[in-house]
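Student: This one is model02.cif, mmCIF, C-alpha atoms.
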data_my_file
#
loop_
_atom_site.label_atom_id
_atom_site.label_comp_id
_atom_site.auth_asym_id
_atom_site.auth_seq_id
_atom_site.Cartn_x
_atom_site.Cartn_y
_atom_site.Cartn_z
CA MET X 1 106.95 100.11 117.68
CA THR X 2 103.62 98.33 117.66
CA GLU X 3 103.96 94.68 118.61
CA LEU X 4 102.90 92.49 115.68
CA SER X 5 101.40 89.03 116.04
CA SER X 6 103.15 85.93 114.69
CA GLU X 7 100.72 85.94 111.75
CA ARG X 8 100.91 88.43 108.91
CA GLY X 9 98.90 88.89 105.72
CA CYS X 10 100.44 88.72 102.27
CA CYS X 11 100.30 90.66 99.03
CA LEU X 12 101.28 89.30 95.63
CA THR X 13 102.92 91.20 92.79
CA ILE X 14 102.89 89.89 89.21
CA ALA X 15 105.22 92.19 87.31
CA GLY X 16 108.64 92.69 85.78
CA SER X 17 111.91 93.20 87.59
CA ASP X 18 113.92 96.42 87.79
CA SER X 19 117.60 95.71 88.32
CA GLY X 20 117.99 99.25 89.69
CA GLY X 21 115.30 98.63 92.31
CA ASN X 22 113.26 101.71 91.37
CA ALA X 23 110.15 100.11 89.91
CA GLY X 24 108.58 96.73 89.18
CA VAL X 25 108.72 93.85 91.62
CA GLN X 26 111.47 95.43 93.73
CA ALA X 27 109.43 98.61 94.28
CA ASP X 28 106.31 96.58 95.05
CA LEU X 29 108.10 94.60 97.76
CA ARG X 30 109.37 97.84 99.32
CA VAL X 31 105.77 99.06 99.54
CA PHE X 32 104.41 95.81 100.97
CA HIS X 33 107.10 95.79 103.65
CA ASP X 34 106.37 99.42 104.52
CA TYR X 35 102.78 98.35 105.19
CA GLY X 36 103.92 95.46 107.38
CA LEU X 37 102.80 92.82 104.85
CA HIS X 38 104.70 89.86 103.45
CA GLY X 39 105.30 90.04 99.71
CA CYS X 40 104.97 87.13 97.28
CA THR X 41 106.16 87.45 93.68
CA ALA X 42 105.60 86.14 90.19
CA PHE X 43 108.06 87.56 87.67
CA ALA X 44 106.61 88.21 84.22
CA ALA X 45 109.78 89.77 82.76
CA LEU X 46 113.38 90.50 83.66
CA THR X 47 114.90 93.84 82.76
CA ALA X 48 118.35 95.39 82.74
CA GLN X 49 117.73 99.01 83.66
CA ASN X 50 118.65 102.02 85.74
CA PRO X 51 117.18 105.54 85.99
CA HIS X 52 118.77 106.41 82.64
CA GLY X 53 117.06 103.74 80.57
CA VAL X 54 116.04 100.14 79.90
CA PHE X 55 118.85 98.25 78.15
CA ALA X 56 117.48 94.72 77.83
CA ILE X 57 114.24 92.84 78.46
CA HIS X 58 113.87 89.09 78.85
CA ALA X 59 110.27 87.85 78.83
CA VAL X 60 109.51 85.04 81.25
CA PRO X 61 107.80 82.09 79.52
CA PRO X 62 104.06 82.13 80.30
CA ALA X 63 104.20 78.55 81.61
CA PHE X 64 106.78 79.63 84.19
CA VAL X 65 104.64 82.66 85.15
CA ALA X 66 101.80 80.22 85.78
CA ALA X 67 104.09 77.89 87.74
CA GLN X 68 105.09 80.73 90.07
CA LEU X 69 101.43 81.51 90.71
CA ASP X 70 100.63 77.84 91.33
CA ALA X 71 103.42 77.77 93.91
CA VAL X 72 101.99 80.58 96.04
CA LEU X 73 98.23 80.78 95.48
CA GLY X 74 96.32 78.78 98.06
CA VAL X 75 99.49 78.33 100.16
CA TYR X 76 100.21 81.87 101.39
CA ASP X 77 97.56 84.08 103.00
CA ILE X 78 97.37 86.38 99.96
CA ARG X 79 94.70 88.98 100.61
CA ALA X 80 95.38 91.27 97.66
CA MET X 81 97.55 91.37 94.56
CA LYS X 82 98.63 93.68 91.76
CA THR X 83 99.76 93.23 88.20
CA GLY X 84 102.32 95.29 86.32
CA MET X 85 103.40 95.05 82.69
CA LEU X 86 102.21 91.84 81.01
CA SER X 87 103.43 92.11 77.44
CA GLU X 88 102.42 88.73 76.00
CA VAL X 89 98.92 87.42 75.31
CA ALA X 90 99.74 84.00 76.75
CA ALA X 91 101.04 85.57 79.96
CA VAL X 92 97.87 87.65 80.38
CA GLU X 93 95.72 84.59 79.81
CA ALA X 94 97.75 82.49 82.25
CA VAL X 95 97.55 85.14 84.96
CA ALA X 96 93.83 85.75 84.43
CA GLY X 97 93.08 82.03 84.46
CA ARG X 98 94.80 81.52 87.81
CA LEU X 99 93.37 84.65 89.44
CA ALA X 100 89.80 83.89 88.34
CA GLU X 101 89.93 80.89 90.68
CA HIS X 102 90.57 83.15 93.70
CA SER X 103 87.63 85.50 94.19
CA GLU X 104 88.73 86.07 97.80
CA ILE X 105 91.79 88.03 96.65
CA ALA X 106 91.41 91.76 95.90
CA LYS X 107 92.90 92.45 92.47
CA VAL X 108 94.61 95.68 91.42
CA VAL X 109 95.31 95.72 87.67
CA ASP X 110 97.77 98.36 86.53
CA PRO X 111 97.39 98.25 82.71
CA VAL X 112 100.95 99.27 81.92
CA MET X 113 100.65 100.11 78.24
CA ILE X 114 102.12 103.54 77.53
CA ALA X 115 105.30 105.05 78.96
CA THR X 116 105.55 108.59 80.28
CA SER X 117 107.32 109.46 77.00
CA GLY X 118 104.24 108.30 75.08
CA ALA X 119 105.92 105.14 73.79
CA LYS X 120 103.70 102.06 73.48
CA LEU X 121 104.96 99.22 75.68
CA ILE X 122 102.80 96.23 74.68
CA SER X 123 101.16 94.92 71.52
CA ASP X 124 97.56 95.46 70.47
CA ASP X 125 96.92 91.73 70.97
CA ALA X 126 98.13 91.95 74.58
CA ILE X 127 95.93 95.00 75.17
CA ASP X 128 92.95 93.05 73.82
CA ALA X 129 93.81 90.19 76.19
CA LEU X 130 93.89 92.60 79.14
CA LYS X 131 90.44 93.85 78.18
CA ARG X 132 89.04 90.37 77.57
CA CYS X 133 90.57 88.39 80.44
CA LEU X 134 91.97 90.50 83.24
CA MET X 135 89.99 93.71 83.62
CA PRO X 136 86.61 91.97 84.06
CA ILE X 137 87.92 90.16 87.17
CA ALA X 138 89.72 93.20 88.64
CA THR X 139 88.70 94.96 91.85
CA ILE X 140 90.22 98.18 90.51
CA ILE X 141 92.25 99.21 87.46
CA THR X 142 94.69 102.13 87.52
CA PRO X 143 95.34 103.54 84.02
CA ASN X 144 97.02 106.89 83.51
CA ILE X 145 95.28 109.30 81.13
CA PRO X 146 96.95 108.05 77.89
CA GLU X 147 96.20 104.44 78.89
CA ALA X 148 92.57 105.28 79.68
CA VAL X 149 92.27 106.98 76.28
CA ALA X 150 93.72 103.88 74.60
CA LEU X 151 91.36 101.57 76.49
CA CYS X 152 88.31 103.66 75.62
CA GLY X 153 89.41 104.35 72.07
CA ARG X 154 88.62 108.04 72.41
CA ASP X 155 89.67 111.23 74.16
CA GLY X 156 87.78 112.51 77.18
CA THR X 157 88.09 114.01 80.63
CA GLN X 158 89.36 111.85 83.46
CA ALA X 159 85.81 111.59 84.80
CA GLU X 160 84.36 110.58 81.41
CA LEU X 161 87.04 107.96 80.84
CA ALA X 162 86.73 106.54 84.37
CA LYS X 163 82.95 106.29 84.07
CA GLU X 164 83.11 104.56 80.68
CA LEU X 165 85.65 102.00 81.84
CA ASN X 166 83.68 101.34 85.04
CA GLU X 167 80.55 100.66 83.00
CA ARG X 168 82.43 98.51 80.50
CA TYR X 169 84.35 96.26 82.92
CA GLY X 170 82.32 96.46 86.12
CA CYS X 171 85.33 97.24 88.31
CA ALA X 172 86.42 100.39 90.10
CA VAL X 173 88.55 102.64 87.88
CA LEU X 174 91.20 105.14 89.01
CA VAL X 175 92.33 107.38 86.15
CA LYS X 176 95.64 108.86 87.27
CA GLY X 177 96.50 112.44 86.42
CA GLY X 178 100.05 112.46 87.69
CA HIS X 179 101.49 113.87 84.47
CA SER X 180 98.88 116.59 83.98
CA PRO X 181 99.79 120.27 84.31
CA GLY X 182 98.80 122.19 87.41
CA THR X 183 99.82 122.59 91.02
CA ASP X 184 98.09 119.43 92.23
CA ALA X 185 98.16 115.78 91.20
CA VAL X 186 94.51 114.87 90.64
CA ASP X 187 93.25 111.31 90.24
CA VAL X 188 89.61 110.43 89.50
CA LEU X 189 87.91 107.32 90.89
CA CYS X 190 84.71 105.82 89.53
CA ASP X 191 83.33 103.08 91.74
CA GLY X 192 79.80 101.84 91.20
CA GLY X 193 78.90 104.85 89.10
CA GLU X 194 80.03 107.35 91.73
CA LEU X 195 82.84 109.77 90.91
CA ARG X 196 85.36 111.16 93.37
CA GLU X 197 88.48 113.27 92.95
CA PHE X 198 91.65 112.78 94.98
CA SER X 199 94.03 115.71 94.92
CA LEU X 200 97.36 116.35 96.63
CA PRO X 201 99.93 119.09 95.96
CA TRP X 202 102.98 118.24 93.90
CA VAL X 203 106.21 117.60 95.79
CA SER X 204 108.61 120.43 94.89
CA ASN X 205 111.87 119.34 93.22
CA PRO X 206 111.77 115.65 94.18
CA VAL X 207 114.93 113.57 93.91
CA SER X 208 112.98 110.84 92.08
CA THR X 209 109.52 109.97 90.81
CA HIS X 210 110.61 106.77 89.04
CA GLY X 211 108.32 103.89 89.97
CA THR X 212 105.40 105.93 91.28
CA GLY X 213 102.85 104.07 89.14
CA CYS X 214 104.06 100.69 90.39
CA SER X 215 104.18 101.96 93.96
CA LEU X 216 100.65 103.37 93.82
CA ALA X 217 99.22 100.06 92.59
CA ALA X 218 101.20 98.17 95.24
CA ALA X 219 100.03 100.56 97.97
CA LEU X 220 96.44 100.10 96.78
CA ALA X 221 96.85 96.33 97.09
CA ALA X 222 98.32 96.76 100.57
CA GLU X 223 95.48 99.02 101.67
CA LEU X 224 92.92 96.52 100.37
CA ALA X 225 94.78 93.67 102.11
CA LEU X 226 94.39 95.56 105.38
CA GLY X 227 90.63 95.58 104.88
CA HIS X 228 90.06 99.13 103.66
CA GLY X 229 87.32 99.91 101.16
CA VAL X 230 88.24 101.06 97.66
CA SER X 231 87.81 104.80 98.24
CA GLU X 232 89.71 104.70 101.54
CA ALA X 233 92.41 102.57 99.91
CA VAL X 234 92.87 105.09 97.09
CA ALA X 235 93.22 107.96 99.56
CA GLY X 236 95.75 106.02 101.65
CA ALA X 237 97.76 104.86 98.63
CA LYS X 238 97.94 108.37 97.24
CA ARG X 239 99.20 109.71 100.57
CA TYR X 240 101.74 106.91 100.72
CA VAL X 241 103.17 107.65 97.27
CA ARG X 242 103.39 111.37 97.96
CA SER X 243 105.34 110.60 101.13
CA ALA X 244 107.64 108.24 99.20
CA ILE X 245 108.34 111.00 96.67
CA ALA X 246 108.91 113.54 99.43
CA CYS X 247 111.55 111.33 101.09
CA SER X 248 113.18 110.13 97.86
CA CYS X 249 116.96 110.04 98.00
CA PHE X 250 120.10 109.53 95.94
CA VAL X 251 121.62 106.05 95.94
CA GLY X 252 124.35 106.76 93.39
CA LYS X 253 125.54 109.47 91.03
CA GLY X 254 122.41 110.68 89.27
CA CYS X 255 120.44 107.73 90.66
CA GLY X 256 117.44 108.60 92.79
CA VAL X 257 114.92 106.23 94.34
CA LEU X 258 111.62 106.64 96.15
CA GLY X 259 112.06 106.61 99.91
CA PHE X 260 110.84 104.16 102.50
CA VAL X 261 107.72 105.38 104.28
CA ARG X 262 108.23 104.05 107.76
CA ASN X 263 104.67 104.30 109.00
CA ALA X 264 103.62 100.66 108.77
CA ASP X 265 102.91 100.63 112.51
CA ASN X 266 100.50 103.55 112.14
CA MET X 267 98.75 101.91 109.19
CA ILE X 268 98.31 98.66 111.07
CA GLN X 269 97.11 100.48 114.20
CA GLN X 270 94.56 102.50 112.20
CA HIS X 271 93.24 99.28 110.68
CA GLU X 272 92.96 97.61 114.08
CA ASP X 273 91.13 100.62 115.52
#
Would you encode the structure as structure tokens?

Tutor:
Amino acid sequence: MTELSSERGCCLTIAGSDSGGNAGVQADLRVFHDYGLHGCTAFAALTAQNPHGVFAIHAVPPAFVAAQLDAVLGVYDIRAMKTGMLSEVAAVEAVAGRLAEHSEIAKVVDPVMIATSGAKLISDDAIDALKRCLMPIATIITPNIPEAVALCGRDGTQAELAKELNERYGCAVLVKGGHSPGTDAVDVLCDGGELREFSLPWVSNPVSTHGTGCSLAAALAAELALGHGVSEAVAGAKRYVRSAIACSCFVGKGCGVLGFVRNADNMIQQHED
């Protein structure tokens, strides 16, 4: 084990809970800890769920979301953060208002809008608030293909959608292709007008893939917190998530979860080198 100093950087997650621990805040904390970083939290929603479905959702009042942020921002050494599903306009505005005051923090915005099933998860007003308030201050946004289509208001290739969103919001854009057909999972990054593809082979017959979107955004935040550039952070986060899928395991009858990737020491050592 690499000996760590008595000081450690922090990452912040602003997202919903997952009572089954597969996704949301619980998954984000697992990722931060794998990277050797302390995790701070601001809950935007509470859910009752397991791998078989979501059974209840309790939205956290926007004023309390803001209070959680006020409690940690400027106190903890938060070097990067990520957002998950923010379903209410007032919550989006509260989060954006607080984060705009902290330009030193790298910001990963995961615009959770459309489920894998195709179901819409947030209102049009909340989507407009994301576009108006949060995406312009993001370091990088991570829509999947249906979300990128919704944000652009048109169909297109991953490269076309990434380029349009980059030009529109001025942040790096990673359009995820994790649900596309083929033998590889291909994501497309547009950063400063430059396009780059990141491709890794699918994991054969994984126990679980639940929470991969949350985990990718959290890993991106962790990579940025360790001082990596955007392109390097995307490559590292993608490798991390593939490893988590590869070591996923059962934690109950029919209940799978992404695995711990116990390579935080290596990540820290690579950063120090």

Student: Near region 133-141 of chain X, within 7 Å and counting only C-alpha atoms, which residues show up once chain neighbours fewer than 3 positions away are dropped, as JSON, numbers by chain?

Tutor: {"X": [93, 96, 100, 106, 107, 108, 109, 110, 129, 130, 169, 170, 171, 172, 173, 174]}

Student: Which residues are close to Val89 (chain X), i.e. within 9 Å by all atoms listed in the file, leaving aside same-chain residues fewer than 3 positions away? Reply as a list in words.

Tutor: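 The filter keeps Pro62, Leu86, Val92, Glu93, Ala94, Ser123, Asp125, Ala126, Ile127, Asp128, Ala129 and Leu130 of chain X.
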
Student: Do you know which residues lie at most 8 Å from (105.1, 95.1, 75.7), with coordinates as in the file and all atoms listed in the file counted, and could you write them as a list in words?

Tutor: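 Checked against the point, the hits come out as Met85, Leu86, Ser87, Glu88, Met113, Lys120, Leu121, Ile122, Ser123 and Ala126 of chain X.
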
Student: In Å, with one decimal, what is the gap from CA of Arg79 (chain X) to CA of Pro111 (chain X)?

Tutor: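 These atoms are spaced 20.3 Å apart.
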
Student: Could you tell me how far CA of Pro143 (chain X) lies from CA of His38 (chain X), in Å and to one decimal?

Tutor: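 Separating CA of Pro143 (chain X) from CA of His38 (chain X) is a distance of 25.5 Å.
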
Student: Kindly add N, CA and C atoms to the incomplete region 48-83 of chain X and provide the output as a PDB file, in the coordinates of the input.

Tutor:
ATOM      1  N   ALA X  48     117.073  94.762  82.376  1.00  0.00           N
ATOM      2  CA  ALA X  48     118.350  95.390  82.740  1.00  0.00           C
ATOM      3  C   ALA X  48     118.135  96.883  82.600  1.00  0.00           C
ATOM      4  N   GLN X  49     118.041  97.591  83.731  1.00  0.00           N
ATOM      5  CA  GLN X  49     117.730  99.010  83.660  1.00  0.00           C
ATOM      6  C   GLN X  49     118.281  99.768  84.850  1.00  0.00           C
ATOM      7  N   ASN X  50     118.326 101.084  84.673  1.00  0.00           N
ATOM      8  CA  ASN X  50     118.650 102.020  85.740  1.00  0.00           C
ATOM      9  C   ASN X  50     117.856 103.296  85.449  1.00  0.00           C
ATOM     10  N   PRO X  51     117.995 104.346  86.245  1.00  0.00           N
ATOM     11  CA  PRO X  51     117.180 105.540  85.990  1.00  0.00           C
ATOM     12  C   PRO X  51     117.401 106.189  84.630  1.00  0.00           C
ATOM     13  N   HIS X  52     118.457 105.791  83.932  1.00  0.00           N
ATOM     14  CA  HIS X  52     118.770 106.410  82.640  1.00  0.00           C
ATOM     15  C   HIS X  52     118.186 105.645  81.462  1.00  0.00           C
ATOM     16  N   GLY X  53     117.650 104.456  81.684  1.00  0.00           N
ATOM     17  CA  GLY X  53     117.060 103.740  80.570  1.00  0.00           C
ATOM     18  C   GLY X  53     116.923 102.247  80.821  1.00  0.00           C
ATOM     19  N   VAL X  54     116.201 101.592  79.900  1.00  0.00           N
ATOM     20  CA  VAL X  54     116.040 100.140  79.900  1.00  0.00           C
ATOM     21  C   VAL X  54     116.915  99.598  78.776  1.00  0.00           C
ATOM     22  N   PHE X  55     117.839  98.692  79.112  1.00  0.00           N
ATOM     23  CA  PHE X  55     118.850  98.250  78.150  1.00  0.00           C
ATOM     24  C   PHE X  55     118.604  96.849  77.614  1.00  0.00           C
ATOM     25  N   ALA X  56     117.818  96.055  78.312  1.00  0.00           N
ATOM     26  CA  ALA X  56     117.480  94.720  77.830  1.00  0.00           C
ATOM     27  C   ALA X  56     116.254  94.223  78.573  1.00  0.00           C
ATOM     28  N   ILE X  57     115.431  93.440  77.866  1.00  0.00           N
ATOM     29  CA  ILE X  57     114.240  92.840  78.460  1.00  0.00           C
ATOM     30  C   ILE X  57     114.213  91.364  78.085  1.00  0.00           C
ATOM     31  N   HIS X  58     113.992  90.527  79.080  1.00  0.00           N
ATOM     32  CA  HIS X  58     113.870  89.090  78.850  1.00  0.00           C
ATOM     33  C   HIS X  58     112.503  88.650  79.364  1.00  0.00           C
ATOM     34  N   ALA X  59     111.612  88.293  78.444  1.00  0.00           N
ATOM     35  CA  ALA X  59     110.270  87.850  78.830  1.00  0.00           C
ATOM     36  C   ALA X  59     110.335  86.487  79.490  1.00  0.00           C
ATOM     37  N   VAL X  60     109.598  86.320  80.564  1.00  0.00           N
ATOM     38  CA  VAL X  60     109.510  85.040  81.250  1.00  0.00           C
ATOM     39  C   VAL X  60     108.477  84.180  80.527  1.00  0.00           C
ATOM     40  N   PRO X  61     108.781  82.935  80.194  1.00  0.00           N
ATOM     41  CA  PRO X  61     107.800  82.090  79.520  1.00  0.00           C
ATOM     42  C   PRO X  61     106.492  82.014  80.297  1.00  0.00           C
ATOM     43  N   PRO X  62     105.354  82.138  79.605  1.00  0.00           N
ATOM     44  CA  PRO X  62     104.060  82.130  80.300  1.00  0.00           C
ATOM     45  C   PRO X  62     103.847  80.917  81.193  1.00  0.00           C
ATOM     46  N   ALA X  63     104.354  79.754  80.774  1.00  0.00           N
ATOM     47  CA  ALA X  63     104.200  78.550  81.610  1.00  0.00           C
ATOM     48  C   ALA X  63     104.914  78.703  82.941  1.00  0.00           C
ATOM     49  N   PHE X  64     106.044  79.425  82.939  1.00  0.00           N
ATOM     50  CA  PHE X  64     106.780  79.630  84.190  1.00  0.00           C
ATOM     51  C   PHE X  64     106.091  80.697  85.044  1.00  0.00           C
ATOM     52  N   VAL X  65     105.459  81.698  84.400  1.00  0.00           N
ATOM     53  CA  VAL X  65     104.640  82.660  85.150  1.00  0.00           C
ATOM     54  C   VAL X  65     103.543  81.910  85.887  1.00  0.00           C
ATOM     55  N   ALA X  66     102.873  81.009  85.169  1.00  0.00           N
ATOM     56  CA  ALA X  66     101.800  80.220  85.780  1.00  0.00           C
ATOM     57  C   ALA X  66     102.324  79.335  86.900  1.00  0.00           C
ATOM     58  N   ALA X  67     103.517  78.753  86.708  1.00  0.00           N
ATOM     59  CA  ALA X  67     104.090  77.890  87.740  1.00  0.00           C
ATOM     60  C   ALA X  67     104.380  78.664  89.020  1.00  0.00           C
ATOM     61  N   GLN X  68     104.853  79.904  88.880  1.00  0.00           N
ATOM     62  CA  GLN X  68     105.090  80.730  90.070  1.00  0.00           C
ATOM     63  C   GLN X  68     103.791  80.989  90.819  1.00  0.00           C
ATOM     64  N   LEU X  69     102.723  81.262  90.068  1.00  0.00           N
ATOM     65  CA  LEU X  69     101.430  81.510  90.710  1.00  0.00           C
ATOM     66  C   LEU X  69     100.912  80.247  91.393  1.00  0.00           C
ATOM     67  N   ASP X  70     101.074  79.088  90.730  1.00  0.00           N
ATOM     68  CA  ASP X  70     100.630  77.840  91.330  1.00  0.00           C
ATOM     69  C   ASP X  70     101.367  77.551  92.636  1.00  0.00           C
ATOM     70  N   ALA X  71     102.609  78.031  92.720  1.00  0.00           N
ATOM     71  CA  ALA X  71     103.420  77.770  93.910  1.00  0.00           C
ATOM     72  C   ALA X  71     102.959  78.563  95.127  1.00  0.00           C
ATOM     73  N   VAL X  72     102.325  79.719  94.905  1.00  0.00           N
ATOM     74  CA  VAL X  72     101.990  80.580  96.040  1.00  0.00           C
ATOM     75  C   VAL X  72     100.490  80.689  96.318  1.00  0.00           C
ATOM     76  N   LEU X  73      99.665  80.634  95.269  1.00  0.00           N
ATOM     77  CA  LEU X  73      98.230  80.780  95.480  1.00  0.00           C
ATOM     78  C   LEU X  73      97.673  79.575  96.232  1.00  0.00           C
ATOM     79  N   GLY X  74      96.885  79.850  97.256  1.00  0.00           N
ATOM     80  CA  GLY X  74      96.320  78.780  98.060  1.00  0.00           C
ATOM     81  C   GLY X  74      97.248  78.262  99.139  1.00  0.00           C
ATOM     82  N   VAL X  75      98.516  78.732  99.136  1.00  0.00           N
ATOM     83  CA  VAL X  75      99.490  78.330 100.160  1.00  0.00           C
ATOM     84  C   VAL X  75      99.717  79.480 101.132  1.00  0.00           C
ATOM     85  N   TYR X  76     100.006  80.661 100.583  1.00  0.00           N
ATOM     86  CA  TYR X  76     100.210  81.870 101.390  1.00  0.00           C
ATOM     87  C   TYR X  76      98.869  82.573 101.598  1.00  0.00           C
ATOM     88  N   ASP X  77      98.780  83.329 102.680  1.00  0.00           N
ATOM     89  CA  ASP X  77      97.560  84.080 103.000  1.00  0.00           C
ATOM     90  C   ASP X  77      97.539  85.370 102.179  1.00  0.00           C
ATOM     91  N   ILE X  78      97.365  85.226 100.867  1.00  0.00           N
ATOM     92  CA  ILE X  78      97.370  86.380  99.960  1.00  0.00           C
ATOM     93  C   ILE X  78      95.992  87.029  99.984  1.00  0.00           C
ATOM     94  N   ARG X  79      95.963  88.267 100.466  1.00  0.00           N
ATOM     95  CA  ARG X  79      94.700  88.980 100.610  1.00  0.00           C
ATOM     96  C   ARG X  79      94.448  89.960  99.475  1.00  0.00           C
ATOM     97  N   ALA X  80      95.507  90.357  98.789  1.00  0.00           N
ATOM     98  CA  ALA X  80      95.380  91.270  97.660  1.00  0.00           C
ATOM     99  C   ALA X  80      96.597  91.096  96.760  1.00  0.00           C
ATOM    100  N   MET X  81      96.450  91.486  95.499  1.00  0.00           N
ATOM    101  CA  MET X  81      97.550  91.370  94.560  1.00  0.00           C
ATOM    102  C   MET X  81      97.485  92.512  93.557  1.00  0.00           C
ATOM    103  N   LYS X  82      98.590  92.681  92.819  1.00  0.00           N
ATOM    104  CA  LYS X  82      98.630  93.680  91.760  1.00  0.00           C
ATOM    105  C   LYS X  82      99.386  93.118  90.571  1.00  0.00           C
ATOM    106  N   THR X  83      99.011  93.580  89.404  1.00  0.00           N
ATOM    107  CA  THR X  83      99.760  93.230  88.200  1.00  0.00           C
ATOM    108  C   THR X  83     100.479  94.475  87.687  1.00  0.00           C
TER     109      THR X  83
END
